[in-house]
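Q: Below is the file work.csv, with CSV, C-alpha atoms.
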chain,number,residue,atom,x,y,z
A,1133,ASP,CA,-10.4,29.2,6.9
A,1134,ALA,CA,-9.6,29.8,10.6
A,1135,GLY,CA,-7.7,26.6,10.9
A,1136,VAL,CA,-7.6,24.7,14.2
A,1137,THR,CA,-8.5,26.9,17.2
A,1138,GLN,CA,-7.9,26.2,20.9
A,1139,SER,CA,-9.0,27.8,24.1
A,1140,PRO,CA,-7.9,29.1,26.5
A,1141,THR,CA,-4.4,30.1,25.5
A,1142,HIS,CA,-3.0,29.8,29.0
A,1143,LEU,CA,-4.3,28.3,32.2
A,1144,ILE,CA,-3.0,28.2,35.8
A,1145,LYS,CA,-4.5,25.6,38.2
A,1146,THR,CA,-3.5,24.1,41.5
A,1147,ARG,CA,-2.9,20.4,42.3
A,1148,GLY,CA,-6.1,18.4,42.7
A,1149,GLN,CA,-8.2,20.7,40.6
A,1150,GLN,CA,-9.9,19.8,37.3
A,1151,VAL,CA,-9.5,21.5,33.9
A,1152,THR,CA,-11.3,21.6,30.6
A,1153,LEU,CA,-9.6,22.5,27.3
A,1154,ARG,CA,-11.4,23.1,24.1
A,1155,CYS,CA,-10.7,22.6,20.4
A,1156,SER,CA,-12.4,23.5,17.1
A,1157,PRO,CA,-11.2,21.6,14.1
A,1158,LYS,CA,-10.2,22.9,10.7
A,1159,SER,CA,-13.2,23.3,8.4
A,1160,GLY,CA,-14.0,20.0,6.7
A,1161,HIS,CA,-12.2,17.9,9.3
A,1162,ASP,CA,-14.1,15.3,11.4
A,1163,THR,CA,-11.3,13.8,13.5
A,1164,VAL,CA,-9.7,15.4,16.5
A,1165,SER,CA,-6.6,14.2,18.3
A,1166,TRP,CA,-5.0,15.5,21.5
A,1167,TYR,CA,-1.3,15.6,22.4
A,1168,GLN,CA,0.6,16.6,25.5
A,1169,GLN,CA,4.0,18.2,25.0
A,1170,ALA,CA,6.3,18.6,28.0
A,1171,LEU,CA,9.1,21.1,27.8
A,1172,GLY,CA,11.9,20.0,25.5
A,1173,GLN,CA,10.0,16.9,24.4
A,1174,GLY,CA,8.1,15.8,21.4
A,1175,PRO,CA,4.3,15.7,21.6
A,1176,GLN,CA,2.8,12.5,23.2
A,1177,PHE,CA,-0.5,11.2,21.9
A,1178,ILE,CA,-3.4,11.2,24.5
A,1179,PHE,CA,-6.4,10.1,22.4
A,1180,GLN,CA,-8.4,10.6,19.2
A,1181,TYR,CA,-12.1,11.2,18.7
A,1182,TYR,CA,-14.1,10.4,15.6
A,1183,GLU,CA,-17.9,10.3,15.2
A,1184,GLU,CA,-18.1,11.3,18.9
A,1185,GLU,CA,-16.3,8.2,20.0
A,1186,GLU,CA,-12.8,7.7,21.4
A,1187,ARG,CA,-11.2,5.7,18.6
A,1188,GLN,CA,-7.6,5.4,19.9
A,1189,ARG,CA,-5.9,6.1,23.2
A,1190,GLY,CA,-2.3,6.6,24.2
A,1191,ASN,CA,-0.7,5.7,27.5
A,1192,PHE,CA,-2.4,8.2,29.7
A,1193,PRO,CA,-4.4,7.5,32.9
A,1194,ASP,CA,-8.2,7.7,33.2
A,1195,ARG,CA,-7.8,11.1,34.7
A,1196,PHE,CA,-7.6,12.3,31.1
A,1197,SER,CA,-11.0,12.1,29.4
A,1198,GLY,CA,-12.5,13.7,26.4
A,1199,HIS,CA,-15.6,14.4,24.4
A,1200,GLN,CA,-16.5,15.2,20.8
A,1201,PHE,CA,-19.6,17.1,19.9
A,1202,PRO,CA,-21.8,16.8,16.8
A,1203,ASN,CA,-20.1,19.8,15.2
A,1204,TYR,CA,-16.7,17.9,15.5
A,1205,SER,CA,-15.3,20.2,18.2
A,1206,SER,CA,-13.8,18.5,21.2
A,1207,GLU,CA,-12.9,18.9,24.9
A,1208,LEU,CA,-10.1,17.5,26.9
A,1209,ASN,CA,-10.8,17.1,30.6
A,1210,VAL,CA,-8.1,16.4,33.2
A,1211,ASN,CA,-9.1,15.5,36.8
A,1212,ALA,CA,-7.1,15.6,40.0
A,1213,LEU,CA,-4.3,17.6,38.5
A,1214,LEU,CA,-0.7,16.8,39.3
A,1215,LEU,CA,2.4,19.0,39.0
A,1216,GLY,CA,3.5,16.7,36.1
A,1217,ASP,CA,0.5,17.6,34.1
A,1218,SER,CA,2.0,21.0,33.4
A,1219,ALA,CA,2.6,21.1,29.6
A,1220,LEU,CA,1.5,22.4,26.3
A,1221,TYR,CA,-1.7,20.7,25.2
A,1222,LEU,CA,-2.1,20.5,21.4
A,1223,CYS,CA,-5.1,19.6,19.4
A,1224,ALA,CA,-4.9,18.3,15.9
A,1225,SER,CA,-7.6,17.7,13.3
A,1226,SER,CA,-7.7,15.6,10.2
A,1227,ALA,CA,-10.2,14.4,7.6
A,1228,SER,CA,-11.1,10.8,7.9
A,1229,SER,CA,-11.7,10.0,4.2
A,1230,GLY,CA,-12.4,11.2,0.7
A,1231,THR,CA,-9.4,13.6,0.5
A,1232,SER,CA,-6.0,13.6,-1.1
A,1233,LEU,CA,-4.5,14.8,2.1
A,1234,TYR,CA,-3.8,11.2,3.4
A,1235,ASN,CA,-5.0,12.0,6.9
A,1236,GLU,CA,-2.6,14.9,7.2
A,1237,GLN,CA,-2.9,16.3,10.7
A,1238,PHE,CA,-3.1,20.1,11.3
A,1239,PHE,CA,-2.3,21.5,14.7
A,1240,GLY,CA,-3.8,24.3,16.8
A,1241,PRO,CA,-1.7,26.9,18.7
A,1242,GLY,CA,-2.0,24.9,22.0
A,1243,THR,CA,-3.1,25.6,25.5
A,1244,ARG,CA,-0.3,26.1,28.1
A,1245,LEU,CA,-1.3,24.5,31.4
A,1246,THR,CA,0.6,25.3,34.5
A,1247,VAL,CA,-0.2,23.3,37.7
A,1248,LEU,CA,1.0,24.8,40.9
B,136,LYS,CA,6.8,-0.3,19.6
B,137,GLN,CA,7.5,2.5,17.2
B,138,GLU,CA,10.2,4.9,18.3
B,139,VAL,CA,11.4,8.0,16.5
B,140,THR,CA,14.8,9.6,16.9
B,141,GLN,CA,16.1,12.9,15.6
B,142,ILE,CA,19.7,13.8,15.3
B,143,PRO,CA,21.2,16.2,16.0
B,144,ALA,CA,19.2,17.6,19.0
B,145,ALA,CA,20.5,21.1,18.1
B,146,LEU,CA,22.2,22.8,15.2
B,147,SER,CA,23.7,26.2,14.6
B,148,VAL,CA,24.6,27.4,11.1
B,149,PRO,CA,25.4,30.7,9.4
B,150,GLU,CA,22.8,32.2,7.0
B,151,GLY,CA,22.9,30.8,3.5
B,152,GLU,CA,24.1,27.4,4.4
B,153,ASN,CA,22.4,24.3,3.2
B,154,LEU,CA,21.6,21.8,5.9
B,155,VAL,CA,20.1,18.4,6.6
B,156,LEU,CA,18.1,17.2,9.6
B,157,ASN,CA,17.8,13.5,10.2
B,158,CYS,CA,14.9,11.4,11.5
B,159,SER,CA,15.0,7.6,12.1
B,160,PHE,CA,12.2,5.2,13.1
B,161,THR,CA,12.4,1.7,14.4
B,162,ASP,CA,9.4,0.1,12.6
B,163,SER,CA,9.4,0.5,8.8
B,164,ALA,CA,5.7,-0.4,8.4
B,165,ILE,CA,4.6,3.3,8.5
B,166,TYR,CA,1.6,4.8,6.7
B,167,ASN,CA,3.1,8.3,6.4
B,168,LEU,CA,5.7,10.7,7.8
B,169,GLN,CA,5.2,14.4,8.5
B,170,TRP,CA,7.8,17.1,9.2
B,171,PHE,CA,6.6,20.0,11.4
B,172,ARG,CA,8.1,23.3,12.5
B,173,GLN,CA,7.5,24.7,16.0
B,174,ASP,CA,8.3,28.2,17.1
B,175,PRO,CA,9.0,28.6,20.9
B,176,GLY,CA,5.8,28.1,22.9
B,177,LYS,CA,3.7,27.8,19.8
B,178,GLY,CA,1.8,25.1,18.0
B,179,LEU,CA,3.0,22.9,15.1
B,180,THR,CA,3.1,23.9,11.5
B,181,SER,CA,3.0,21.1,9.0
B,182,LEU,CA,5.8,21.4,6.4
B,183,LEU,CA,5.7,18.3,4.4
B,184,LEU,CA,3.9,15.0,4.4
B,185,ILE,CA,5.3,11.9,2.7
B,186,GLN,CA,3.2,8.9,2.0
B,187,SER,CA,4.8,5.5,2.6
B,188,SER,CA,4.8,4.9,-1.2
B,189,GLN,CA,6.6,8.1,-1.9
B,190,ARG,CA,10.4,8.8,-1.9
B,191,GLU,CA,10.4,12.5,-1.5
B,192,GLN,CA,8.3,15.7,-1.3
B,193,THR,CA,9.4,19.3,-2.0
B,194,SER,CA,8.0,22.7,-0.9
B,195,GLY,CA,10.0,25.8,-1.8
B,196,ARG,CA,13.5,25.5,-0.1
B,197,LEU,CA,12.5,22.3,1.7
B,198,ASN,CA,12.9,18.8,0.5
B,199,ALA,CA,12.0,15.7,2.5
B,200,SER,CA,13.1,12.2,1.6
B,201,LEU,CA,11.9,8.9,2.9
B,202,ASP,CA,13.7,5.5,2.9
B,203,LYS,CA,11.3,3.1,4.5
B,204,SER,CA,13.5,0.1,4.3
B,205,SER,CA,16.2,1.7,6.3
B,206,GLY,CA,13.8,3.6,8.6
B,207,ARG,CA,15.1,7.0,7.7
B,208,SER,CA,13.9,10.4,6.6
B,209,THR,CA,15.9,13.6,6.0
B,210,LEU,CA,14.7,17.2,5.7
B,211,TYR,CA,16.9,19.3,3.5
B,212,ILE,CA,16.8,23.1,3.9
B,213,ALA,CA,18.4,25.1,1.1
B,214,ALA,CA,20.0,28.5,1.6
B,215,SER,CA,19.0,28.8,5.3
B,216,GLN,CA,17.7,32.1,6.6
B,217,PRO,CA,17.4,33.5,10.2
B,218,GLY,CA,13.6,33.1,9.9
B,219,ASP,CA,14.2,29.3,9.6
B,220,SER,CA,15.2,29.3,13.3
B,221,ALA,CA,12.8,26.9,15.1
B,222,THR,CA,12.4,23.4,16.3
B,223,TYR,CA,11.8,20.8,13.6
B,224,LEU,CA,9.8,17.7,14.5
B,225,CYS,CA,9.5,14.5,12.6
B,226,ALA,CA,6.4,12.2,13.2
B,227,VAL,CA,5.2,8.9,11.8
B,228,SER,CA,1.8,7.3,11.6
B,229,ASN,CA,1.6,3.5,11.5
B,230,GLN,CA,-1.9,3.3,10.1
B,231,ALA,CA,-4.2,5.7,8.2
B,232,GLY,CA,-5.8,8.3,10.5
B,233,THR,CA,-4.0,7.1,13.7
B,234,ALA,CA,-1.8,8.7,16.2
B,235,LEU,CA,1.4,10.5,15.2
B,236,ILE,CA,4.6,9.3,17.0
B,237,PHE,CA,7.0,12.1,17.4
B,238,GLY,CA,10.7,12.5,17.8
B,239,LYS,CA,12.1,15.0,20.3
B,240,GLY,CA,13.0,17.5,17.5
B,241,THR,CA,16.0,19.3,16.3
B,242,THR,CA,16.4,22.9,17.3
B,243,LEU,CA,17.9,25.0,14.5
B,244,SER,CA,19.5,28.4,14.9
B,245,VAL,CA,20.5,30.3,11.8
B,246,SER,CA,22.6,33.4,12.4
B,247,SER,CA,22.8,36.4,10.2
Could you rewrite the structure in this file as structure tokens?

A:
Amino acid sequence: DAGVTQSPTHLIKTRGQQVTLRCSPKSGHDTVSWYQQALGQGPQFIFQYYEEEERQRGNFPDRFSGHQFPNYSSELNVNALLLGDSALYLCASSASSGTSLYNEQFFGPGTRLTVL
Amino acid sequence: KQEVTQIPAALSVPEGENLVLNCSFTDSAIYNLQWFRQDPGKGLTSLLLIQSSQREQTSGRLNASLDKSSGRSTLYIAASQPGDSATYLCAVSNQAGTALIFGKGTTLSVSS
């Protein structure tokens, strides 16, 4: 089981550019959540995708958007990058039902985004 | 609005010591609580998950307890080792399958 995978590992962009981050969930999982973690802080919830729809959203502007594909993988897109968007972006997957895992979330290694 | 606080922010102990990390949350109506470990610049590794109906969970040298009514959880690490050095994060979920709300973490350093 490969677990949750994310790509790329690191990314450097300049202000105003757009970026796309990718996530493949753990085998058997159908729900993907994205989190932003600034240095020295706990992760902050961005949004969650289930059945290719955004099911829940945190307090992030519309510049942050996402997508979930039929194979449950997901993308996070950020437009008009700001310096403050520099962070570790974490993807987490979970199973929606039918398990004893009680929606336990498993995290990927993250993508480190640096905005210059 | 649910808020999660972790105390202390940092902790240094000698190898072999038993230690306790604390987590508190403001809204007791949680669905579950998870403890994670994060190594510098890396992703999160799930350590223990406690359902709202449970009082504690154990895995090896780790034991996590939950007191919903007081809004508290503790992570007990027995016989600490240098390899336990990392940041430990506590997170709660208010409903099944919804967002995790994290504390800022406790950074643990175990010296040999």

Q: For a quick test of understanding: name the residues of chain B lying within 10 Å of chain A when counting all atoms listed in the file, and present them as a ChimeraX atom specification.

A: /B:139,166-169,171,173,176-181,183-186,222-226,228,230-240,242

Q: List the neighbours of Asn1211 of chain A out to 9 Å using all atoms listed in the file; skip same-chain residues closer than 5 positions along the sequence, and give me the result as a PyMOL selection string.

A: chain A and resi 1148-1152+1194-1197

Q: Using only C-alpha atoms, find the one residue out of B:Ala213, B:Val148, B:Val227, B:Ala221 that sits nearest to Ser163 of chain B.

A: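 Checking each candidate against Ser163 of chain B, we get B:Val227 as the closest.
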
Q: So how many Å separate atom CA of Leu1213 of chain A and atom CA of Glu1186 of chain A, to one decimal?

A: 21.5 Å

Q: List as a PyMOL selection string the protein and nucleic acid residues near Gln137 of chain B, meaning an atom at most 8 Å away when only C-alpha atoms are counted, but skip any in the same chain fewer than 4 places from it.

A: chain B and resi 160-162+236

Q: Those same residues - C-alpha atoms - I'd like them written as a compact mmCIF listing (two decimals), in the frame of the given file.

A:
# COMPACT_ATOMS: atom_id res chain seq x y z
CA PHE B 160 12.20 5.20 13.10
CA THR B 161 12.40 1.70 14.40
CA ASP B 162 9.40 0.10 12.60
CA ILE B 236 4.60 9.30 17.00

Q: For the atom pair atom CA of Lys136 of chain B and atom CA of Ser204 of chain B, what is the interatomic distance in Å to one decimal place?

A: 16.7 Å

Q: Tell me, in Å to one decimal, how far atom CA of Tyr1181 of chain A is from atom CA of Leu1143 of chain A.

A: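 The value is 23.1 Å.
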
Q: Pick from B:Tyr211, B:Ser220, B:Asp174, B:Leu156: nearest to Thr193 of chain B, with only C-alpha atoms counted?

A: B:Tyr211

Q: Residues within 8 Å of Val155 of chain B, please, as a count of residues only. Count only C-alpha atoms; anything in the same chain fewer than 5 positions from it doesn't count.

A: 4

Q: Can you pull out the residues contacting Thr1246 of chain A? Cut-off 8 Å, using all atoms listed in the file, and skip same-chain residues under 2 positions away; I want them as JSON, numbers by chain.

A: {"A": [1142, 1143, 1144, 1145, 1215, 1217, 1218, 1219, 1244, 1248]}
